[in-house]
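The next block is my_file.cif, given as mmCIF, C-alpha atoms and all ligand atoms.
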```cif
data_input
loop_
_atom_site.label_atom_id
_atom_site.label_comp_id
_atom_site.auth_asym_id
_atom_site.auth_seq_id
_atom_site.Cartn_x
_atom_site.Cartn_y
_atom_site.Cartn_z
CA MET A 1 80.41 106.26 130.64
CA ILE A 2 81.33 105.58 127.01
CA PRO A 3 84.70 103.80 127.28
CA PHE A 4 87.63 104.49 124.99
CA ASN A 5 87.79 100.81 124.04
CA ARG A 6 85.85 97.64 124.73
CA PRO A 7 87.41 94.38 123.53
CA PHE A 8 85.25 92.55 120.98
CA LEU A 9 84.30 88.95 121.73
CA PRO A 10 82.98 87.10 118.66
CA GLU A 11 80.23 84.57 119.37
CA ARG A 12 82.44 81.67 118.41
CA ALA A 13 85.33 82.67 120.69
CA LEU A 14 84.32 80.66 123.75
CA GLY A 15 83.54 77.60 121.63
CA TYR A 16 87.02 77.71 120.10
CA ILE A 17 88.63 78.13 123.50
CA ALA A 18 86.68 75.07 124.73
CA GLU A 19 87.82 73.20 121.62
CA ALA A 20 91.46 74.04 122.40
CA TYR A 21 90.95 72.69 125.92
CA ARG A 22 89.27 69.52 124.73
CA SER A 23 92.10 68.81 122.27
CA GLY A 24 94.31 68.18 125.31
CA LYS A 25 96.95 70.52 123.88
CA VAL A 26 96.69 73.96 125.43
CA SER A 27 100.34 75.06 125.34
CA GLY A 28 101.95 76.85 122.40
CA ASP A 29 102.34 75.78 118.78
CA GLY A 30 99.02 73.91 118.73
CA ALA A 31 96.34 73.61 116.08
CA PHE A 32 94.87 77.12 116.52
CA THR A 33 98.34 78.66 116.50
CA LYS A 34 99.08 77.02 113.16
CA ARG A 35 95.69 78.07 111.80
CA CYS A 36 96.28 81.74 112.72
CA GLU A 37 99.83 81.70 111.41
CA SER A 38 99.08 80.18 108.03
CA PHE A 39 95.96 82.32 107.55
CA LEU A 40 98.00 85.51 107.97
CA ALA A 41 101.06 84.27 106.05
CA GLU A 42 98.87 83.40 103.07
CA ARG A 43 96.74 86.51 103.30
CA TYR A 44 99.77 88.81 103.44
CA GLY A 45 102.08 86.79 101.24
CA CYS A 46 105.06 86.51 103.55
CA HIS A 47 107.33 83.56 104.05
CA ARG A 48 106.58 82.76 107.63
CA THR A 49 104.59 84.13 110.53
CA LEU A 50 105.14 83.24 114.18
CA LEU A 51 102.54 83.90 116.82
CA THR A 52 104.06 85.58 119.89
CA THR A 53 102.92 86.52 123.38
CA SER A 54 102.85 90.21 122.37
CA CYS A 55 104.04 92.68 119.78
CA THR A 56 106.70 93.60 122.33
CA ALA A 57 107.95 90.00 122.15
CA ALA A 58 107.81 90.05 118.34
CA LEU A 59 109.95 93.20 118.31
CA GLU A 60 112.44 91.59 120.71
CA LEU A 61 112.59 88.55 118.45
CA ALA A 62 113.21 90.82 115.46
CA ALA A 63 116.03 92.61 117.29
CA LEU A 64 117.66 89.22 118.00
CA LEU A 65 117.25 88.19 114.36
CA CYS A 66 118.97 91.40 113.23
CA ARG A 67 121.86 90.41 115.55
CA ILE A 68 121.84 93.90 117.06
CA GLN A 69 124.88 94.45 119.26
CA ALA A 70 126.13 97.14 121.59
CA GLY A 71 126.94 100.29 119.65
CA ASP A 72 124.78 99.47 116.62
CA GLU A 73 122.60 102.41 115.71
CA VAL A 74 118.86 101.95 115.37
CA ILE A 75 116.68 104.72 113.94
CA LEU A 76 113.09 105.00 115.16
CA PRO A 77 110.42 107.63 115.74
CA SER A 78 110.27 109.40 119.10
CA PHE A 79 106.47 109.40 119.02
CA THR A 80 105.89 105.69 119.62
CA PHE A 81 105.21 103.09 122.29
CA VAL A 82 108.12 102.18 124.59
CA SER A 83 108.31 98.62 123.22
CA THR A 84 109.56 99.85 119.84
CA ALA A 85 112.58 101.27 121.64
CA ASN A 86 113.00 98.70 124.43
CA ALA A 87 113.40 95.78 122.04
CA PHE A 88 116.60 97.38 120.71
CA ALA A 89 117.71 99.01 123.98
CA LEU A 90 117.77 95.52 125.52
CA ARG A 91 120.38 94.52 122.92
CA GLY A 92 122.54 97.52 123.78
CA ALA A 93 121.74 99.49 120.63
CA THR A 94 122.31 103.21 120.37
CA LEU A 95 118.83 104.61 119.77
CA VAL A 96 118.51 107.51 117.34
CA PHE A 97 115.07 109.08 117.63
CA VAL A 98 113.71 111.07 114.71
CA ASP A 99 110.87 113.51 114.37
CA SER A 100 107.36 112.97 113.06
CA LEU A 101 106.05 114.52 109.86
CA PRO A 102 104.58 118.00 110.32
CA ASP A 103 101.07 116.75 109.55
CA HIS A 104 101.24 113.12 110.75
CA PRO A 105 102.70 111.25 113.74
CA ASN A 106 104.64 108.89 111.42
CA MET A 107 108.43 109.27 111.15
CA ASP A 108 109.68 111.70 108.49
CA PRO A 109 111.94 109.89 105.95
CA VAL A 110 113.84 113.17 105.37
CA ARG A 111 114.79 113.20 109.05
CA VAL A 112 115.81 109.53 108.83
CA ALA A 113 118.18 110.35 105.95
CA GLU A 114 119.86 113.03 108.07
CA VAL A 115 120.88 110.62 110.83
CA MET A 116 121.96 107.62 108.71
CA THR A 117 125.57 106.51 109.26
CA ASN A 118 127.58 103.42 108.37
CA ARG A 119 126.77 102.14 111.88
CA THR A 120 123.02 102.18 111.20
CA LYS A 121 121.96 98.58 111.71
CA ALA A 122 118.18 98.94 111.58
CA ILE A 123 115.42 101.40 110.75
CA VAL A 124 112.14 100.88 112.59
CA PRO A 125 109.13 102.59 110.99
CA VAL A 126 105.97 102.62 113.12
CA HIS A 127 102.72 102.76 111.13
CA TYR A 128 100.74 105.02 113.44
CA ALA A 129 96.97 104.44 113.46
CA GLY A 130 97.45 101.84 110.72
CA VAL A 131 98.55 104.55 108.28
CA ALA A 132 101.64 103.55 106.32
CA VAL A 133 104.99 105.25 106.71
CA ASP A 134 106.33 106.22 103.27
CA MET A 135 108.31 103.00 102.85
CA ASP A 136 110.10 103.48 99.49
CA PRO A 137 112.56 106.10 100.79
CA ILE A 138 113.05 104.07 103.99
CA LEU A 139 113.88 100.92 102.00
CA ARG A 140 116.30 102.87 99.78
CA LEU A 141 118.13 104.36 102.77
CA ALA A 142 118.38 100.93 104.44
CA ARG A 143 119.69 99.31 101.26
CA ASP A 144 122.42 101.97 100.93
CA VAL A 145 124.08 100.89 104.20
CA GLY A 146 122.84 97.28 104.44
CA ALA A 147 120.55 98.00 107.39
CA PHE A 148 117.52 95.93 108.35
CA VAL A 149 114.01 97.36 108.21
CA VAL A 150 111.78 96.24 111.10
CA GLU A 151 108.20 97.46 110.78
CA ASP A 152 106.33 98.10 114.00
CA ALA A 153 102.98 97.10 112.51
CA ALA A 154 101.35 96.79 115.95
CA GLN A 155 98.37 98.87 114.80
CA ALA A 156 98.51 97.91 111.15
CA VAL A 157 96.71 94.60 110.58
CA GLU A 158 94.96 94.75 107.16
CA ALA A 159 96.54 98.10 106.25
CA CYS A 160 98.77 98.60 103.22
CA TYR A 161 101.33 100.77 101.44
CA ARG A 162 100.87 101.12 97.68
CA GLY A 163 98.82 97.92 97.82
CA ARG A 164 101.41 95.93 99.83
CA PRO A 165 100.37 94.67 103.28
CA LEU A 166 102.10 96.52 106.10
CA GLY A 167 104.40 94.36 108.18
CA THR A 168 105.62 92.44 105.12
CA ILE A 169 107.56 95.20 103.34
CA GLY A 170 110.62 95.34 105.60
CA ASP A 171 112.70 92.33 106.66
CA PHE A 172 110.49 91.79 109.70
CA GLY A 173 107.07 93.03 110.79
CA ALA A 174 105.66 92.97 114.33
CA PHE A 175 101.89 92.96 114.88
CA SER A 176 99.95 93.33 118.13
CA PHE A 177 96.82 91.50 119.24
CA HIS A 178 96.50 93.46 122.48
CA GLU A 179 92.89 94.08 123.43
CA THR A 180 93.10 97.67 122.18
CA LYS A 181 93.97 96.64 118.61
CA ASN A 182 91.55 95.82 115.73
CA VAL A 183 91.82 92.07 116.35
CA HIS A 184 92.97 90.75 119.68
CA CYS A 185 93.45 87.84 122.05
CA GLY A 186 93.90 89.86 125.22
CA GLU A 187 97.67 89.92 124.88
CA GLY A 188 99.31 88.60 121.75
CA GLY A 189 101.43 89.38 118.73
CA LEU A 190 102.92 88.07 115.53
CA LEU A 191 106.26 88.25 113.80
CA ALA A 192 106.10 88.29 110.01
CA VAL A 193 109.29 87.11 108.32
CA ARG A 194 109.50 88.32 104.74
CA SER A 195 112.20 86.14 103.24
CA ALA A 196 113.16 82.48 103.50
CA GLU A 197 116.71 83.18 104.72
CA HIS A 198 115.55 84.21 108.21
CA VAL A 199 112.87 81.56 108.74
CA ALA A 200 114.98 78.78 110.25
CA ARG A 201 116.63 81.02 112.83
CA ALA A 202 113.32 82.74 113.65
CA GLU A 203 111.76 79.38 114.51
CA ILE A 204 114.71 78.45 116.72
CA LEU A 205 114.82 81.70 118.69
CA TRP A 206 111.04 81.48 119.12
CA GLU A 207 111.34 77.95 120.63
CA LYS A 208 113.87 78.80 123.38
CA GLY A 209 116.89 78.36 121.14
CA THR A 210 116.00 74.80 120.15
CA ASN A 211 115.23 73.17 116.82
CA ARG A 212 112.03 71.73 118.26
CA ARG A 213 109.85 72.89 115.41
CA ALA A 214 112.06 71.25 112.77
CA PHE A 215 112.01 68.09 114.93
CA PHE A 216 108.21 68.01 114.96
CA ARG A 217 108.23 68.31 111.19
CA GLY A 218 110.47 65.24 111.13
CA GLU A 219 113.48 67.13 109.80
CA THR A 220 115.85 66.07 112.60
CA ALA A 221 116.10 62.92 114.71
CA LYS A 222 116.17 64.84 118.01
CA TYR A 223 116.05 68.39 119.15
CA GLY A 224 118.39 70.35 121.33
CA TRP A 225 119.93 73.69 122.14
CA VAL A 226 121.29 75.20 118.93
CA ASP A 227 121.18 78.98 119.45
CA VAL A 228 120.07 81.62 121.93
CA GLY A 229 116.33 82.12 122.31
CA SER A 230 113.43 82.57 124.64
CA SER A 231 109.83 81.47 125.05
CA PHE A 232 107.97 83.66 122.59
CA LEU A 233 104.97 81.41 121.92
CA PRO A 234 101.51 82.00 123.40
CA ALA A 235 99.21 79.26 124.72
CA ASP A 236 96.94 77.73 122.09
CA ILE A 237 93.96 78.90 124.19
CA LEU A 238 94.85 82.46 123.20
CA ALA A 239 95.31 81.42 119.58
CA ALA A 240 91.77 80.01 119.74
CA LEU A 241 90.46 83.42 120.82
CA LEU A 242 92.55 85.06 118.11
CA TRP A 243 91.18 82.69 115.49
CA SER A 244 87.62 83.77 116.29
CA GLN A 245 88.72 87.36 115.63
CA LEU A 246 90.57 86.57 112.42
CA GLU A 247 87.45 84.86 111.09
CA ALA A 248 85.58 88.11 111.78
CA LEU A 249 88.40 90.33 110.49
CA GLU A 250 86.49 91.83 107.58
CA GLU A 251 83.34 92.42 109.60
CA ILE A 252 85.35 94.05 112.40
CA ASN A 253 87.16 96.39 110.05
CA ALA A 254 84.00 97.24 108.11
CA ARG A 255 82.33 98.39 111.34
CA ARG A 256 85.42 100.36 112.36
CA PHE A 257 85.42 102.10 108.98
CA GLN A 258 81.78 103.14 109.40
CA LEU A 259 82.64 104.71 112.74
CA TRP A 260 85.86 106.29 111.46
CA GLU A 261 84.18 107.84 108.40
CA ARG A 262 81.37 109.21 110.52
CA TYR A 263 83.81 110.90 112.90
CA LEU A 264 85.63 112.38 109.92
CA ALA A 265 82.47 113.76 108.29
CA ALA A 266 81.17 115.17 111.57
CA LEU A 267 84.42 116.75 112.78
CA HIS A 268 85.88 117.98 109.50
CA PRO A 269 83.96 121.26 109.83
CA LEU A 270 85.99 121.94 113.01
CA GLN A 271 89.16 121.72 110.93
CA GLN A 272 87.70 124.11 108.36
CA ALA A 273 86.86 126.50 111.20
CA GLY A 274 90.49 126.29 112.35
CA TRP A 275 89.84 124.58 115.71
CA LEU A 276 91.68 121.29 115.24
CA GLN A 277 93.08 118.86 112.68
CA VAL A 278 91.50 115.57 111.69
CA PRO A 279 93.69 112.62 110.57
CA VAL A 280 95.63 112.89 107.32
CA VAL A 281 95.85 109.75 105.16
CA PRO A 282 98.39 110.02 102.31
CA GLY A 283 97.46 108.63 98.89
CA PHE A 284 99.93 105.73 99.22
CA ALA A 285 98.31 104.47 102.44
CA GLY A 286 95.34 102.13 102.71
CA HIS A 287 94.52 102.38 106.41
CA ASN A 288 92.49 100.10 108.70
CA ALA A 289 90.39 102.51 110.79
CA HIS A 290 92.45 101.56 113.83
CA CYS A 291 92.17 104.91 115.54
CA PHE A 292 90.39 108.23 115.15
CA TYR A 293 92.20 111.18 116.65
CA VAL A 294 92.12 114.94 116.53
CA VAL A 295 95.06 117.31 116.99
CA LEU A 296 94.30 120.38 119.11
CA HIS A 297 96.22 123.69 119.07
CA ASP A 298 97.87 123.22 122.47
CA GLU A 299 97.99 121.08 125.59
CA PRO A 300 95.69 123.25 127.76
CA THR A 301 92.98 123.05 125.09
CA ARG A 302 93.37 119.28 125.00
CA ALA A 303 93.15 119.06 128.80
CA ARG A 304 89.97 121.15 128.80
CA LEU A 305 88.44 119.03 126.04
CA ILE A 306 89.25 115.80 127.96
CA LYS A 307 87.55 117.25 131.04
CA HIS A 308 84.56 118.44 129.03
CA LEU A 309 84.16 114.98 127.49
CA GLN A 310 84.45 113.33 130.92
CA LYS A 311 81.60 115.48 132.18
CA ARG A 312 79.61 114.21 129.22
CA GLU A 313 80.52 110.62 130.17
CA VAL A 314 82.97 110.13 127.30
CA LEU A 315 86.45 108.75 127.85
CA ALA A 316 88.91 110.21 125.32
CA VAL A 317 92.63 109.61 125.80
CA PHE A 318 95.90 111.12 124.64
CA HIS A 319 98.74 108.92 123.41
CA TYR A 320 102.53 108.61 123.50
CA GLN A 321 104.89 110.98 125.23
CA SER A 322 108.01 111.61 123.10
CA LEU A 323 110.59 108.98 124.04
CA HIS A 324 113.61 111.25 123.40
CA ALA A 325 112.36 113.41 126.29
CA SER A 326 111.39 110.52 128.60
CA PRO A 327 112.87 110.14 132.11
CA TYR A 328 114.86 107.10 130.92
CA PHE A 329 116.24 108.62 127.73
CA ALA A 330 116.41 112.44 128.07
CA ASP A 331 120.08 112.47 129.15
CA LYS A 332 121.01 110.03 126.36
CA HIS A 333 119.41 112.04 123.54
CA ASP A 334 121.78 113.96 121.28
CA GLY A 335 119.85 117.19 121.68
CA ARG A 336 118.19 117.47 118.26
CA PRO A 337 114.82 119.17 118.78
CA LEU A 338 111.90 116.98 117.65
CA PRO A 339 109.10 119.55 117.67
CA HIS A 340 106.48 117.57 115.77
CA ALA A 341 106.80 114.53 118.02
CA ASP A 342 106.41 116.88 121.00
CA ARG A 343 103.35 118.50 119.46
CA PHE A 344 101.64 115.15 118.92
CA SER A 345 102.53 114.21 122.52
CA ASP A 346 100.86 117.38 123.79
CA CYS A 347 97.97 117.90 121.39
CA LEU A 348 96.72 114.57 120.00
CA LEU A 349 93.50 113.14 121.43
CA ARG A 350 91.93 109.78 120.54
CA LEU A 351 88.16 109.28 120.55
CA PRO A 352 86.29 106.05 121.45
CA LEU A 353 86.36 103.63 118.50
CA PHE A 354 85.60 99.93 118.89
CA HIS A 355 83.50 97.28 117.19
CA ASP A 356 80.60 97.41 119.67
CA LEU A 357 80.38 101.22 119.88
CA ARG A 358 76.71 101.97 119.17
CA ASP A 359 75.69 104.66 116.70
CA GLU A 360 73.83 106.58 119.40
CA ASP A 361 76.88 106.54 121.67
CA GLN A 362 79.10 107.78 118.87
CA ALA A 363 76.55 110.57 118.30
CA CYS A 364 76.99 111.56 121.98
CA VAL A 365 80.77 111.70 121.50
CA ILE A 366 80.43 113.84 118.38
CA ASP A 367 77.88 116.18 119.97
CA ALA A 368 80.10 116.62 123.02
CA VAL A 369 83.10 117.57 120.86
CA LEU A 370 81.09 119.98 118.70
CA ASP A 371 79.54 121.48 121.80
CA PHE A 372 82.99 122.16 123.30
CA PHE A 373 83.78 124.39 120.32
CA GLY A 374 80.42 126.14 120.59
CA ILE A 375 78.95 124.39 117.58
CA GLY A 376 76.26 122.85 119.77
CA ILE A 377 73.25 120.97 118.59
CA GLY A 378 71.19 123.19 120.93
C1 LIG S 1 100.33 98.31 121.00
C2 LIG S 1 101.65 98.69 120.46
C3 LIG S 1 102.83 97.99 120.79
C4 LIG S 1 102.86 96.91 121.84
O1 LIG S 1 102.05 95.85 121.58
P1 LIG S 1 101.90 94.71 122.72
O2 LIG S 1 101.20 93.63 121.95
O3 LIG S 1 101.07 95.30 123.80
O4 LIG S 1 103.25 94.33 123.14
C5 LIG S 1 104.01 98.34 120.19
N1 LIG S 1 104.06 99.33 119.29
C6 LIG S 1 102.97 100.05 118.97
C7 LIG S 1 103.09 101.14 117.96
C8 LIG S 1 101.73 99.76 119.54
O5 LIG S 1 100.66 100.48 119.21
#
```

Rendering of file as C-alpha cells:
Amino acid sequence: MIPFNRPFLPERALGYIAEAYRSGKVSGDGAFTKRCESFLAERYGCHRTLLTTSCTAALELAALLCRIQAGDEVILPSFTFVSTANAFALRGATLVFVDSLPDHPNMDPVRVAEVMTNRTKAIVPVHYAGVAVDMDPILRLARDVGAFVVEDAAQAVEACYRGRPLGTIGDFGAFSFHETKNVHCGEGGLLAVRSAEHVARAEILWEKGTNRRAFFRGETAKYGWVDVGSSFLPADILAALLWSQLEALEEINARRFQLWERYLAALHPLQQAGWLQVPVVPGFAGHNAHCFYVVLHDEPTRARLIKHLQKREVLAVFHYQSLHASPYFADKHDGRPLPHADRFSDCLLRLPLFHDLRDEDQACVIDAVLDFFGIGIG
C-alpha cells in the first residue's frame, strides 16, 4: 500500500535527540528549543517565536493574547480544521464562519467584509495547502474595526504572500509540526509574534502565567504568578527532532516541489478534459508544496475514485467537513449557505505526497488516477 503520508526522519534526528538527553535538560525551553525558535524568527523576520506542543496550542495562546471574551465575534473559514475554531470557542467567542473562494478552499475576503461588525475581535485566515489567503483586504478590514488578525499557518511553513512569509503578516501566526506537515516533530507547533508589544505577555502565558523566562534572562530577581497561562512548551527532545527537520527544510521542500509539479503536469490533462480541477495558485502566493489535491465533480465520484485507488494499493484521503454544518455547530450557525466550503468538503481529494515517496510509487498513483478516467496507460 502506498500511504498518504510517511513522516520523514532525517539521519541526524536520533543523534540530536540523544544530545538533548545527554545535556541533562530534556524539559521545555532548552537549547534545541531556543535554536529552533531563533532560526525561524530570523528566517521569517518576526519579533518572537515560541515553540508549542501543537498548532492547536499556538492558536489557543493567540486567542488568549487577543483577550477574546464571551460575545466577541471571530471570523474564520468553515472549511478548516477544528482547532482553528476551538481555540476561540474555548474563550466563549461567537464564531462567524465564512465561505471559501469559488476556485480555492481559502476564505473569500468579500465574504469576510459582509460579516464584519464593530464586535469583530479577530479574523482568522487559514492558508490552505500552504497557499496564501489574499491578506491585503483582510488586513484592511481588520484595521477598520481594530480587530486582530491571527493566521492559521499550520500548513504554511516557508510559504509567502507577495514575498512576505506567511504566519508573520497578521498579529499572530500559528504553525504546525504535526507529522503530516512539511517539517515535523511528531506533535508540535509554533506561535509567531509579529510585534514587540505582545512579546512579554506571550512569554508569560506560555510559561504557565509566570515570568520565568524573564527571570532566566536575569531581568527579575525571582519569578512568580503574574497572569493567566498554561503549559504550552514542548520537551526539548521534540525540539531536537524538529531541529533535524529545520536543517533539512530546503531539501524537504525541494523534493515536495518535484512531486507536486509532477502531479500537476500529469493530471492537468484531466482538467482540460473536464473531469476534475487541479490546485489553483494565485499570483500573489508562493506556496510550499504542502499538499496536492484534486476537486471532483461530486461526492459519489470521489467515493468511487477513493475505492478505485484503494484497489490499486493507493491511500488517498479527503479533508475537512464544513464546520458550520458540524454536529457541534449546526444549530449555532446563522443559516448563511456556504456552498463552496460544502463543495470542497464533498469533492476534494488529497493524493500521497511526502519526502520519501519514490518516483515509481508516484507513477503508480498517477496511472491509477488516469486509469479511473479511462485515460489508461494500457
Ligand atoms: C494541522 C492543522 C492544525 C492543527 O495542528 P496541530 O499541530 O495538529 O495542532 C490546525 N489548522 C490547520 C489548518 C491544520 O492543517

Test item: which residues lie within 12 Å of (92.2, 71.5, 121.0) counting all atoms listed in the file, as number ranges by chain: A: 15-35, 235-240

Could the residues that lie within 8 Å of ligand LIG 1 (chain S), counting all atoms listed in the file, be listed as a PyMOL selection string? chain A and resi 53-58+80-84+126-129+152-155+175-178+180-181+187-189

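Across A:Leu64, A:Leu323, A:Ala266, A:Leu348, the tightest approach to Ser78 in chain A is made by A:Leu323 when counting all atoms listed in the file.
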
Please report the interatomic distance between CA of Leu190 in chain A and CA of Gly286 in chain A in Å with one decimal. 20.5 Å

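Among the candidates A:His297, A:His287, A:Arg255, A:Lys307, the residue lying nearest to Gly274 in chain A is A:His297 (atoms considered: only C-alpha atoms).
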
Name the closest residue to His47 in chain A among the candidates A:Arg6, A:Arg194, A:Arg67, A:Arg201; distances are taken between atoms, counting only C-alpha atoms. A:Arg194

10 Å contact set for Glu299 in chain A, only C-alpha atoms, chain neighbours under 2 positions out, as a VMD selection string: chain A and resid 295 to 297 301 to 305 343 to 348

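The space between CA of Ile204 in chain A and CA of Val228 in chain A spans 8.1 Å.
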
Spatial neighbours of His308 in chain A, max dist 12 Å, all atoms listed in the file, sep filter under 3 positions, as a PDB file with C-alpha atoms, keeping the file's coordinate frame:
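Output file part15.pdb follows:
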```pdb
ATOM      1  CA  THR A 301      92.980 123.050 125.090  1.00  0.00           C
ATOM      2  CA  ARG A 302      93.370 119.280 125.000  1.00  0.00           C
ATOM      3  CA  ALA A 303      93.150 119.060 128.800  1.00  0.00           C
ATOM      4  CA  ARG A 304      89.970 121.150 128.800  1.00  0.00           C
ATOM      5  CA  LEU A 305      88.440 119.030 126.040  1.00  0.00           C
ATOM      6  CA  LYS A 311      81.600 115.480 132.180  1.00  0.00           C
ATOM      7  CA  ARG A 312      79.610 114.210 129.220  1.00  0.00           C
ATOM      8  CA  GLU A 313      80.520 110.620 130.170  1.00  0.00           C
ATOM      9  CA  VAL A 314      82.970 110.130 127.300  1.00  0.00           C
ATOM     10  CA  LEU A 315      86.450 108.750 127.850  1.00  0.00           C
ATOM     11  CA  ALA A 316      88.910 110.210 125.320  1.00  0.00           C
ATOM     12  CA  VAL A 365      80.770 111.700 121.500  1.00  0.00           C
ATOM     13  CA  ASP A 367      77.880 116.180 119.970  1.00  0.00           C
ATOM     14  CA  ALA A 368      80.100 116.620 123.020  1.00  0.00           C
ATOM     15  CA  VAL A 369      83.100 117.570 120.860  1.00  0.00           C
ATOM     16  CA  LEU A 370      81.090 119.980 118.700  1.00  0.00           C
ATOM     17  CA  ASP A 371      79.540 121.480 121.800  1.00  0.00           C
ATOM     18  CA  PHE A 372      82.990 122.160 123.300  1.00  0.00           C
ATOM     19  CA  PHE A 373      83.780 124.390 120.320  1.00  0.00           C
TER      20      PHE A 373
END
```

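Separating CA of Ala41 in chain A from CA of Val150 in chain A is a distance of 16.8 Å.
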
For a quick check of understanding, using all atoms listed in the file, which of A:Gly130, A:Pro165, A:Gly146, A:Gly224 has the smallest distance to Cys291 in chain A? A:Gly130

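The protein and nucleic acid residues lying at most 12 Å from Arg143 in chain A are Met116, Asn118, Thr120, Lys121, Ala122, Ile123, Asp136, Pro137, Ile138, Leu139, Arg140, Gly146, Ala147, Phe148, Val149, Gly170 and Asp171 of chain A, with all atoms listed in the file considered and sequence neighbours fewer than 3 positions away removed.
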
Just-selected residues, C-alpha atoms written as a short mmCIF file (atom, residue, chain, number, x, y, z; two decimals), in the frame of the given file:
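The result, written out as result.cif:
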```
data_model
loop_
_atom_site.label_atom_id
_atom_site.label_comp_id
_atom_site.auth_asym_id
_atom_site.auth_seq_id
_atom_site.Cartn_x
_atom_site.Cartn_y
_atom_site.Cartn_z
CA MET A 116 121.96 107.62 108.71
CA ASN A 118 127.58 103.42 108.37
CA THR A 120 123.02 102.18 111.20
CA LYS A 121 121.96 98.58 111.71
CA ALA A 122 118.18 98.94 111.58
CA ILE A 123 115.42 101.40 110.75
CA ASP A 136 110.10 103.48 99.49
CA PRO A 137 112.56 106.10 100.79
CA ILE A 138 113.05 104.07 103.99
CA LEU A 139 113.88 100.92 102.00
CA ARG A 140 116.30 102.87 99.78
CA GLY A 146 122.84 97.28 104.44
CA ALA A 147 120.55 98.00 107.39
CA PHE A 148 117.52 95.93 108.35
CA VAL A 149 114.01 97.36 108.21
CA GLY A 170 110.62 95.34 105.60
CA ASP A 171 112.70 92.33 106.66
#
```

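With all atoms listed in the file as the atoms that count, the residue of A:Phe232, A:Phe97, A:Phe292, A:Trp225 with the shortest distance to Arg336 in chain A is A:Phe97.
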
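Using only C-alpha atoms, the protein and nucleic acid residues lying no more than 12 Å from Lys222 in chain A, apart from those fewer than 4 places from it along its own chain, are A:Thr210, A:Asn211, A:Arg212, A:Arg213, A:Ala214, A:Phe215, A:Phe216, A:Arg217, A:Gly218, A:Val226.
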
Kindly save the residues from that selection, with C-alpha atoms included, as a PDB file, keeping the file's coordinate frame.
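Generated output (out06.pdb):
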```pdb
ATOM      1  CA  THR A 210     116.000  74.800 120.150  1.00  0.00           C
ATOM      2  CA  ASN A 211     115.230  73.170 116.820  1.00  0.00           C
ATOM      3  CA  ARG A 212     112.030  71.730 118.260  1.00  0.00           C
ATOM      4  CA  ARG A 213     109.850  72.890 115.410  1.00  0.00           C
ATOM      5  CA  ALA A 214     112.060  71.250 112.770  1.00  0.00           C
ATOM      6  CA  PHE A 215     112.010  68.090 114.930  1.00  0.00           C
ATOM      7  CA  PHE A 216     108.210  68.010 114.960  1.00  0.00           C
ATOM      8  CA  ARG A 217     108.230  68.310 111.190  1.00  0.00           C
ATOM      9  CA  GLY A 218     110.470  65.240 111.130  1.00  0.00           C
ATOM     10  CA  VAL A 226     121.290  75.200 118.930  1.00  0.00           C
TER      11      VAL A 226
END
```

So, counting all atoms listed in the file, which residue among A:Leu309, A:Ala330, A:Leu166, A:Leu233 is closest to Phe4 in chain A? A:Leu309
